[in-house]
$ cat structure_33.txt   # compact mmCIF, C-alpha atoms and all ligand atoms
# COMPACT_ATOMS: atom_id res chain seq x y z
CA MET A 1 81.08 195.83 -88.91
CA GLY A 2 80.93 194.22 -85.47
CA LYS A 3 79.50 190.79 -84.88
CA LEU A 4 76.69 192.16 -82.68
CA GLU A 5 75.26 194.95 -84.84
CA ASN A 6 71.54 195.50 -84.09
CA ARG A 7 71.66 193.10 -81.15
CA VAL A 8 70.44 193.99 -77.66
CA ALA A 9 72.34 192.50 -74.73
CA VAL A 10 71.73 192.42 -71.00
CA VAL A 11 74.95 192.09 -69.02
CA THR A 12 74.47 191.43 -65.31
CA GLY A 13 77.20 192.38 -62.84
CA ALA A 14 78.51 194.91 -65.35
CA ALA A 15 79.07 197.76 -62.88
CA GLN A 16 82.66 196.49 -62.58
CA GLY A 17 85.09 193.64 -63.19
CA ILE A 18 84.55 190.91 -65.75
CA GLY A 19 80.95 191.95 -66.46
CA ARG A 20 82.08 195.50 -67.24
CA ALA A 21 84.84 194.32 -69.59
CA ILE A 22 82.33 192.10 -71.39
CA ALA A 23 79.83 194.97 -71.68
CA ASP A 24 82.55 197.16 -73.23
CA LYS A 25 83.40 194.42 -75.73
CA LEU A 26 79.77 193.83 -76.73
CA VAL A 27 79.37 197.59 -77.37
CA GLU A 28 82.56 197.54 -79.45
CA GLU A 29 80.97 194.73 -81.49
CA GLY A 30 77.88 196.86 -82.12
CA ALA A 31 75.40 195.76 -79.44
CA ALA A 32 73.16 197.99 -77.37
CA VAL A 33 73.87 197.01 -73.76
CA VAL A 34 71.74 197.15 -70.63
CA VAL A 35 73.88 197.05 -67.49
CA ALA A 36 72.08 195.27 -64.64
CA ASP A 37 73.70 195.35 -61.21
CA LEU A 38 72.90 195.42 -57.52
CA ASN A 39 75.14 198.49 -57.32
CA GLY A 40 72.84 201.09 -58.89
CA GLU A 41 75.36 203.94 -58.91
CA GLY A 42 78.02 201.71 -60.42
CA ALA A 43 75.57 200.50 -63.05
CA GLU A 44 74.65 204.11 -63.95
CA ARG A 45 78.30 205.08 -64.23
CA ALA A 46 79.14 202.07 -66.41
CA ALA A 47 76.10 202.68 -68.61
CA GLN A 48 77.07 206.32 -69.11
CA GLU A 49 80.65 205.44 -69.98
CA LEU A 50 79.71 202.76 -72.48
CA GLY A 51 76.65 204.51 -73.92
CA GLY A 52 74.09 202.01 -72.64
CA SER A 53 71.40 202.01 -70.00
CA ALA A 54 71.29 200.84 -66.39
CA VAL A 55 68.93 198.85 -64.20
CA GLN A 56 69.52 198.51 -60.47
CA ALA A 57 68.45 194.97 -59.57
CA ASP A 58 69.21 191.97 -57.38
CA VAL A 59 69.32 188.93 -59.65
CA SER A 60 68.44 186.63 -56.75
CA GLN A 61 64.97 188.24 -56.57
CA GLU A 62 62.46 186.94 -59.11
CA ALA A 63 60.70 190.31 -59.50
CA ASP A 64 64.02 192.10 -60.05
CA ALA A 65 65.10 189.61 -62.70
CA GLN A 66 61.80 190.20 -64.51
CA ARG A 67 62.23 193.97 -64.14
CA ILE A 68 65.58 193.79 -65.98
CA VAL A 69 63.86 192.12 -68.92
CA ASP A 70 60.84 194.47 -68.85
CA ALA A 71 63.12 197.53 -68.84
CA THR A 72 65.15 196.15 -71.74
CA LEU A 73 62.06 195.41 -73.82
CA ALA A 74 60.58 198.84 -73.01
CA LEU A 75 63.79 200.51 -74.19
CA HIS A 76 64.71 198.38 -77.18
CA GLY A 77 61.77 196.13 -78.03
CA ARG A 78 64.00 193.06 -78.12
CA LEU A 79 66.51 191.06 -76.08
CA ASP A 80 68.95 188.89 -78.03
CA VAL A 81 71.75 188.22 -75.57
CA LEU A 82 72.15 187.57 -71.86
CA VAL A 83 75.61 187.55 -70.36
CA HIS A 84 75.15 186.71 -66.71
CA ALA A 85 78.25 187.73 -64.73
CA ALA A 86 76.68 188.92 -61.45
CA ALA A 87 77.86 186.85 -58.50
CA ILE A 88 79.44 186.97 -55.09
CA VAL A 89 83.07 185.75 -55.12
CA PRO A 90 83.70 184.72 -51.51
CA PHE A 91 86.83 183.67 -49.64
CA VAL A 92 85.64 181.93 -46.47
CA PRO A 93 87.47 179.04 -44.77
CA TRP A 94 85.41 175.83 -44.80
CA ASP A 95 85.18 175.75 -41.00
CA ASP A 96 83.51 179.17 -41.03
CA VAL A 97 80.83 178.21 -43.57
CA ASP A 98 77.41 177.96 -41.94
CA PHE A 99 74.04 177.28 -43.51
CA ALA A 100 73.09 180.96 -43.74
CA PHE A 101 76.25 181.69 -45.74
CA TRP A 102 75.72 178.60 -47.90
CA ARG A 103 72.16 179.75 -48.68
CA LYS A 104 73.34 183.27 -49.52
CA ILE A 105 75.90 182.08 -52.07
CA ILE A 106 73.56 179.52 -53.63
CA SER A 107 70.81 182.14 -53.75
CA VAL A 108 72.81 184.82 -55.59
CA ASN A 109 75.12 182.62 -57.66
CA LEU A 110 72.82 179.74 -58.63
CA ASP A 111 69.21 180.84 -58.03
CA GLY A 112 70.11 184.17 -59.67
CA THR A 113 71.34 182.35 -62.79
CA TYR A 114 68.08 180.41 -62.95
CA LEU A 115 65.89 183.49 -62.39
CA ILE A 116 67.52 185.78 -64.98
CA GLY A 117 67.68 182.86 -67.43
CA ARG A 118 63.96 182.17 -67.05
CA ALA A 119 63.15 185.85 -67.44
CA VAL A 120 65.07 186.26 -70.74
CA GLU A 121 63.66 183.03 -72.14
CA LYS A 122 60.28 184.46 -73.07
CA PRO A 123 61.35 187.21 -75.49
CA MET A 124 64.05 184.94 -76.91
CA ARG A 125 61.54 182.14 -77.57
CA GLU A 126 59.14 184.59 -79.20
CA ALA A 127 61.95 185.84 -81.46
CA GLY A 128 63.19 182.30 -82.18
CA TYR A 129 66.70 183.48 -81.36
CA GLY A 130 68.81 183.94 -78.26
CA ARG A 131 72.26 183.65 -76.75
CA ILE A 132 72.70 182.87 -73.06
CA VAL A 133 76.23 183.09 -71.67
CA ASN A 134 76.61 182.23 -68.00
CA ILE A 135 79.85 183.03 -66.19
CA ALA A 136 80.94 179.99 -64.18
CA SER A 137 84.49 179.55 -62.82
CA ASN A 138 87.50 177.30 -63.34
CA SER A 139 87.56 176.90 -59.55
CA PHE A 140 84.82 174.30 -60.05
CA PHE A 141 87.36 172.18 -61.94
CA ALA A 142 90.33 173.08 -59.72
CA GLY A 143 88.50 172.56 -56.41
CA THR A 144 89.94 175.83 -55.14
CA PRO A 145 90.05 176.12 -51.31
CA ASN A 146 88.01 178.59 -49.21
CA MET A 147 85.20 178.72 -51.78
CA GLY A 148 83.01 175.71 -50.86
CA PRO A 149 79.49 177.05 -51.52
CA TYR A 150 80.80 178.97 -54.53
CA LEU A 151 82.19 175.78 -56.10
CA ALA A 152 78.83 174.09 -55.55
CA ALA A 153 76.96 177.02 -57.08
CA LYS A 154 79.26 177.26 -60.10
CA GLY A 155 78.94 173.50 -60.69
CA GLY A 156 75.21 174.15 -60.62
CA VAL A 157 75.62 176.95 -63.15
CA ILE A 158 77.36 174.53 -65.52
CA GLY A 159 74.56 171.97 -65.05
CA LEU A 160 71.89 174.61 -65.52
CA THR A 161 73.62 175.84 -68.69
CA ARG A 162 73.45 172.29 -70.10
CA ALA A 163 69.75 172.13 -69.19
CA GLN A 164 69.09 175.48 -70.86
CA ALA A 165 70.88 174.26 -73.99
CA THR A 166 68.81 171.07 -74.04
CA GLU A 167 65.45 172.68 -73.34
CA LEU A 168 65.82 175.82 -75.45
CA GLY A 169 67.70 174.67 -78.54
CA LYS A 170 64.48 174.06 -80.43
CA HIS A 171 63.65 177.76 -79.98
CA GLY A 172 66.87 178.92 -81.61
CA ILE A 173 68.50 179.68 -78.27
CA THR A 174 72.02 178.58 -77.36
CA ALA A 175 73.35 178.45 -73.81
CA ASN A 176 77.02 178.22 -72.92
CA ALA A 177 79.18 178.91 -69.89
CA ILE A 178 82.58 180.52 -69.55
CA ALA A 179 84.85 179.35 -66.74
CA PRO A 180 87.39 182.13 -66.11
CA GLY A 181 90.57 181.62 -64.16
CA ILE A 182 91.60 184.09 -61.47
CA ILE A 183 91.12 187.61 -62.84
CA ARG A 184 92.17 191.02 -61.57
CA SER A 185 88.62 192.33 -61.11
CA GLU A 186 87.78 194.97 -58.52
CA GLY A 187 86.09 192.24 -56.48
CA ALA A 188 89.07 189.85 -56.52
CA LEU A 189 91.56 192.62 -55.76
CA ALA A 190 89.53 193.76 -52.75
CA SER A 191 89.52 190.26 -51.22
CA PRO A 192 92.11 187.74 -49.94
CA HIS A 193 92.12 186.34 -53.51
CA LYS A 194 94.52 189.18 -54.33
CA ASP A 195 97.31 187.19 -52.67
CA SER A 196 96.75 184.11 -54.88
CA PHE A 197 97.72 185.53 -58.28
CA ASP A 198 101.42 184.57 -58.24
CA PHE A 199 100.71 181.04 -57.00
CA VAL A 200 98.01 180.47 -59.64
CA GLN A 201 100.30 181.94 -62.30
CA SER A 202 102.80 179.19 -61.46
CA LEU A 203 100.10 176.65 -62.44
CA GLN A 204 99.14 178.43 -65.70
CA ALA A 205 100.58 177.65 -69.12
CA LEU A 206 100.69 181.38 -69.89
CA PRO A 207 102.78 183.24 -67.30
CA ARG A 208 100.90 186.44 -66.50
CA HIS A 209 98.00 187.62 -64.36
CA GLY A 210 94.51 187.60 -65.91
CA GLU A 211 92.64 190.85 -66.59
CA PRO A 212 88.86 191.27 -67.07
CA GLN A 213 89.55 192.02 -70.75
CA ASP A 214 90.97 188.50 -71.16
CA ILE A 215 87.45 187.06 -70.76
CA ALA A 216 85.57 189.47 -73.02
CA PRO A 217 86.42 188.06 -76.50
CA ALA A 218 85.16 184.59 -75.55
CA ALA A 219 81.91 186.15 -74.30
CA ALA A 220 81.51 188.17 -77.52
CA PHE A 221 81.94 185.01 -79.61
CA LEU A 222 79.39 183.02 -77.59
CA ALA A 223 77.01 186.02 -77.66
CA SER A 224 77.17 186.26 -81.44
CA GLU A 225 75.61 184.41 -84.38
CA GLU A 226 79.08 182.97 -85.13
CA SER A 227 78.69 180.50 -82.25
CA GLY A 228 75.44 179.08 -83.65
CA TRP A 229 76.69 175.46 -83.67
CA VAL A 230 78.03 175.63 -80.09
CA THR A 231 75.69 174.99 -77.17
CA GLY A 232 75.71 173.37 -73.74
CA GLN A 233 79.47 173.91 -73.48
CA THR A 234 81.76 175.34 -70.85
CA LEU A 235 84.69 177.26 -72.27
CA VAL A 236 87.57 177.49 -69.80
CA VAL A 237 89.41 180.81 -70.23
CA ASP A 238 92.24 180.68 -67.71
CA ALA A 239 95.66 180.80 -69.40
CA GLY A 240 95.80 177.01 -69.28
CA HIS A 241 95.53 176.65 -65.50
CA VAL A 242 93.12 173.69 -65.57
CA ARG A 243 93.34 171.43 -68.61
CA ASN A 244 90.40 169.04 -68.69
N1 LIG B 1 87.59 187.48 -60.60
C1 LIG B 1 87.85 186.20 -60.70
O1 LIG B 1 88.95 185.76 -60.39
C2 LIG B 1 86.80 185.24 -61.23
C3 LIG B 1 87.21 183.97 -61.59
C4 LIG B 1 86.28 183.07 -62.09
C5 LIG B 1 84.97 183.46 -62.23
N2 LIG B 1 84.58 184.72 -61.86
C6 LIG B 1 83.18 185.06 -62.05
O2 LIG B 1 83.10 186.18 -62.92
C7 LIG B 1 81.94 186.95 -62.59
C8 LIG B 1 82.35 188.38 -62.30
O3 LIG B 1 83.28 188.36 -61.24
P1 LIG B 1 84.19 189.63 -60.86
O4 LIG B 1 85.44 189.09 -60.28
O5 LIG B 1 84.22 190.58 -61.99
O6 LIG B 1 83.31 190.19 -59.64
P2 LIG B 1 83.18 191.63 -58.99
O7 LIG B 1 82.90 191.38 -57.55
O8 LIG B 1 84.32 192.54 -59.34
O9 LIG B 1 81.85 192.17 -59.71
C9 LIG B 1 80.64 191.51 -59.52
C10 LIG B 1 79.50 192.44 -59.83
O10 LIG B 1 78.27 191.71 -59.61
C11 LIG B 1 77.39 192.53 -58.88
N3 LIG B 1 76.47 191.71 -58.09
C12 LIG B 1 76.75 190.96 -57.00
N4 LIG B 1 75.65 190.38 -56.52
C13 LIG B 1 74.62 190.78 -57.31
C14 LIG B 1 73.23 190.54 -57.31
N5 LIG B 1 72.64 189.78 -56.36
N6 LIG B 1 72.48 191.10 -58.29
C15 LIG B 1 73.04 191.89 -59.23
N7 LIG B 1 74.35 192.17 -59.27
C16 LIG B 1 75.15 191.63 -58.31
C17 LIG B 1 78.28 193.40 -57.99
O11 LIG B 1 77.61 194.58 -57.56
C18 LIG B 1 79.46 193.68 -58.92
O12 LIG B 1 79.26 194.85 -59.69
C19 LIG B 1 81.29 186.23 -61.41
O13 LIG B 1 80.30 185.35 -61.90
C20 LIG B 1 82.44 185.45 -60.81
O14 LIG B 1 81.97 184.33 -60.10
C21 LIG B 1 85.46 185.62 -61.36
$ encode --input "structure_33.txt" --output "structure tokens" --more "lines below"
Ligand SMILES: NC(=O)c1ccc[n+]([C@@H]2O[C@H](COP(=O)([O-])OP(=O)(O)OC[C@H]3O[C@@H](n4cnc5c(N)ncnc54)[C@H](O)[C@@H]3O)[C@@H](O)[C@H]2O)c1
Amino acid sequence: MGKLENRVAVVTGAAQGIGRAIADKLVEEGAAVVVADLNGEGAERAAQELGGSAVQADVSQEADAQRIVDATLALHGRLDVLVHAAAIVPFVPWDDVDFAFWRKIISVNLDGTYLIGRAVEKPMREAGYGRIVNIASNSFFAGTPNMGPYLAAKGGVIGLTRAQATELGKHGITANAIAPGIIRSEGALASPHKDSFDFVQSLQALPRHGEPQDIAPAAAFLASEESGWVTGQTLVVDAGHVRN
């Protein structure tokens, strides 16, 4: 029996990449999964392949975040787990960062984490149980170049996760973050990040490139009852690249 039998999970950003690998793992562990993604076609395809359902939504819009929760409750009557993986992973030299770009990254990557977190809170509080897993990044610890607003947003995600843990613990809700290292997601491979894998591997303790599936077991643990005494933490899953 899987560790998520009878649990209902929303996984944002699960049309592809790390979110998709996590969605697959949660299904393997017995959960019913709702795939929420800006890419509606991709979300539908993923949902079909993993036997879940899809919601097309932009997590940086308050009404969309609420719609994800409403759709999940309409379908399943409960919402036990949020894994929030949706984000933009940019590669923009510092000198090219302007305020509009800064706002865009903060809006999707940090505001989006706040909005979907607030939306799942209500059913979780009513049930007296919930698991929030926010995907941060080890680049926050490494200070990776060409990702300025992203580093700021992911630092914010870690702070917000601590706040969620503090504020929601009394309702039986845990909140933790995962900080992946560089991972061969569709997004990373379609960007200049694709040229960084060998260099980053030279900094890792474990000498191979990271795959989306390398993140999924940590997410399944934090999404399950087994992690009930763990909250407010950031678990770095990066082959030993940053060691803090
Ligand atoms: N790939 C890496 O190297 C890496 C490393 C550390 C952390 N991360 C984090 O892991 C998560 C997943 O990254 P990935 O590499 O799999 O990315 P990806 O680009 O392959 O996939 C991201 C998904 O999020 C969706 N998305 C983007 N903006 C959205 C929005 N506003 N609303 C809803 N959905 C939206 C996209 O449509 C896409 O399906 C992100 O939080 C990213 O910051 C990735």
$ residues_near_ligand --input "structure_33.txt" --ligand "ligand LIG 1 (chain B)" --cutoff "6 Å" --atoms "all atoms listed in the file" --output "ChimeraX atom specification"
/A:13-19,37-39,57-60,85-89,108,135-137,180-188
$ write_last_selection --input "structure_33.txt" --atoms "C-alpha atoms" --output "compact mmCIF listing (two decimals), in the coordinates of the input"
# COMPACT_ATOMS: atom_id res chain seq x y z
CA GLY A 13 77.20 192.38 -62.84
CA ALA A 14 78.51 194.91 -65.35
CA ALA A 15 79.07 197.76 -62.88
CA GLN A 16 82.66 196.49 -62.58
CA GLY A 17 85.09 193.64 -63.19
CA ILE A 18 84.55 190.91 -65.75
CA GLY A 19 80.95 191.95 -66.46
CA ASP A 37 73.70 195.35 -61.21
CA LEU A 38 72.90 195.42 -57.52
CA ASN A 39 75.14 198.49 -57.32
CA ALA A 57 68.45 194.97 -59.57
CA ASP A 58 69.21 191.97 -57.38
CA VAL A 59 69.32 188.93 -59.65
CA SER A 60 68.44 186.63 -56.75
CA ALA A 85 78.25 187.73 -64.73
CA ALA A 86 76.68 188.92 -61.45
CA ALA A 87 77.86 186.85 -58.50
CA ILE A 88 79.44 186.97 -55.09
CA VAL A 89 83.07 185.75 -55.12
CA VAL A 108 72.81 184.82 -55.59
CA ILE A 135 79.85 183.03 -66.19
CA ALA A 136 80.94 179.99 -64.18
CA SER A 137 84.49 179.55 -62.82
CA PRO A 180 87.39 182.13 -66.11
CA GLY A 181 90.57 181.62 -64.16
CA ILE A 182 91.60 184.09 -61.47
CA ILE A 183 91.12 187.61 -62.84
CA ARG A 184 92.17 191.02 -61.57
CA SER A 185 88.62 192.33 -61.11
CA GLU A 186 87.78 194.97 -58.52
CA GLY A 187 86.09 192.24 -56.48
CA ALA A 188 89.07 189.85 -56.52
$ closest_residue --input "structure_33.txt" --among "A:Ala43, A:Val230, A:Leu203, A:Val120" --to "Ala142 of chain A" --atoms "all atoms listed in the file"
A:Leu203
$ closest_residue --input "structure_33.txt" --among "A:Thr231, A:Asn134, A:Thr174, A:Asn146" --to "Val11 of chain A" --atoms "all atoms listed in the file"
A:Asn134
$ closest_residue --input "structure_33.txt" --among "A:Pro149, A:Pro123, A:Gly159, A:Pro217" --to "Val27 of chain A" --atoms "only C-alpha atoms"
A:Pro217
$ closest_residue --input "structure_33.txt" --among "A:Lys154, A:Arg125, A:Arg131, A:His209" --to "Leu110 of chain A" --atoms "only C-alpha atoms"
A:Lys154
$ residues_around --input "structure_33.txt" --residues "Leu75 of chain A" --least-positions-apart "4" --cutoff "9 Å" --atoms "only C-alpha atoms" --output "list in words"
Ser53, Asp70 and Ala71 of chain A
$ closest_residue --input "structure_33.txt" --among "A:Gly40, A:Gly30, A:Gly112, A:Pro93" --to "Glu62 of chain A" --atoms "all atoms listed in the file"
A:Gly112
$ residues_near_point --input "structure_33.txt" --point "(84.3, 178.5, -72.5)" --cutoff "8 Å" --atoms "all atoms listed in the file" --output "list in words"
Asn176, Ala177, Ile178, Ala179, Pro180, Ala218, Gln233, Thr234, Leu235, Val236 and Val237 of chain A
$ atom_distance --input "structure_33.txt" --atom1 "atom CA of Ala46 of chain A" --atom2 "atom CA of Asp80 of chain A"
20.3 Å
$ atom_distance --input "structure_33.txt" --atom1 "atom CA of Ser202 of chain A" --atom2 "atom CA of Asn244 of chain A"
17.6 Å
$ atom_distance --input "structure_33.txt" --atom1 "atom CA of Gln213 of chain A" --atom2 "atom CA of Leu160 of chain A"
25.3 Å
$ residues_around --input "structure_33.txt" --residues "Ile173 of chain A" --least-positions-apart "5" --cutoff "9 Å" --atoms "all atoms listed in the file" --output "number ranges by chain"
A: 121, 124-125, 128-132, 164-165, 168, 228, 231
$ residues_around --input "structure_33.txt" --residues "Ala31 of chain A" --least-positions-apart "5" --cutoff "6 Å" --atoms "all atoms listed in the file" --output "ChimeraX atom specification"
/A:4-5,7-8,26
$ residues_around --input "structure_33.txt" --residues "Phe140 of chain A" --least-positions-apart "6" --cutoff "8 Å" --atoms "only C-alpha atoms" --output "count of residues only"
4
$ residues_near_point --input "structure_33.txt" --point "(95.2, 180.8, -61.3)" --cutoff "9 Å" --atoms "only C-alpha atoms" --output "ChimeraX atom specification"
/A:138-139,181-183,196-204,209-210,238-242
$ closest_residue --input "structure_33.txt" --among "A:Ala119, A:Arg45, A:Thr113, A:Val92" --to "Leu73 of chain A" --atoms "only C-alpha atoms"
A:Ala119
$ residues_around --input "structure_33.txt" --residues "Phe99 of chain A" --least-positions-apart "6" --cutoff "12 Å" --atoms "only C-alpha atoms" --output "ChimeraX atom specification"
/A:105-107,148-149
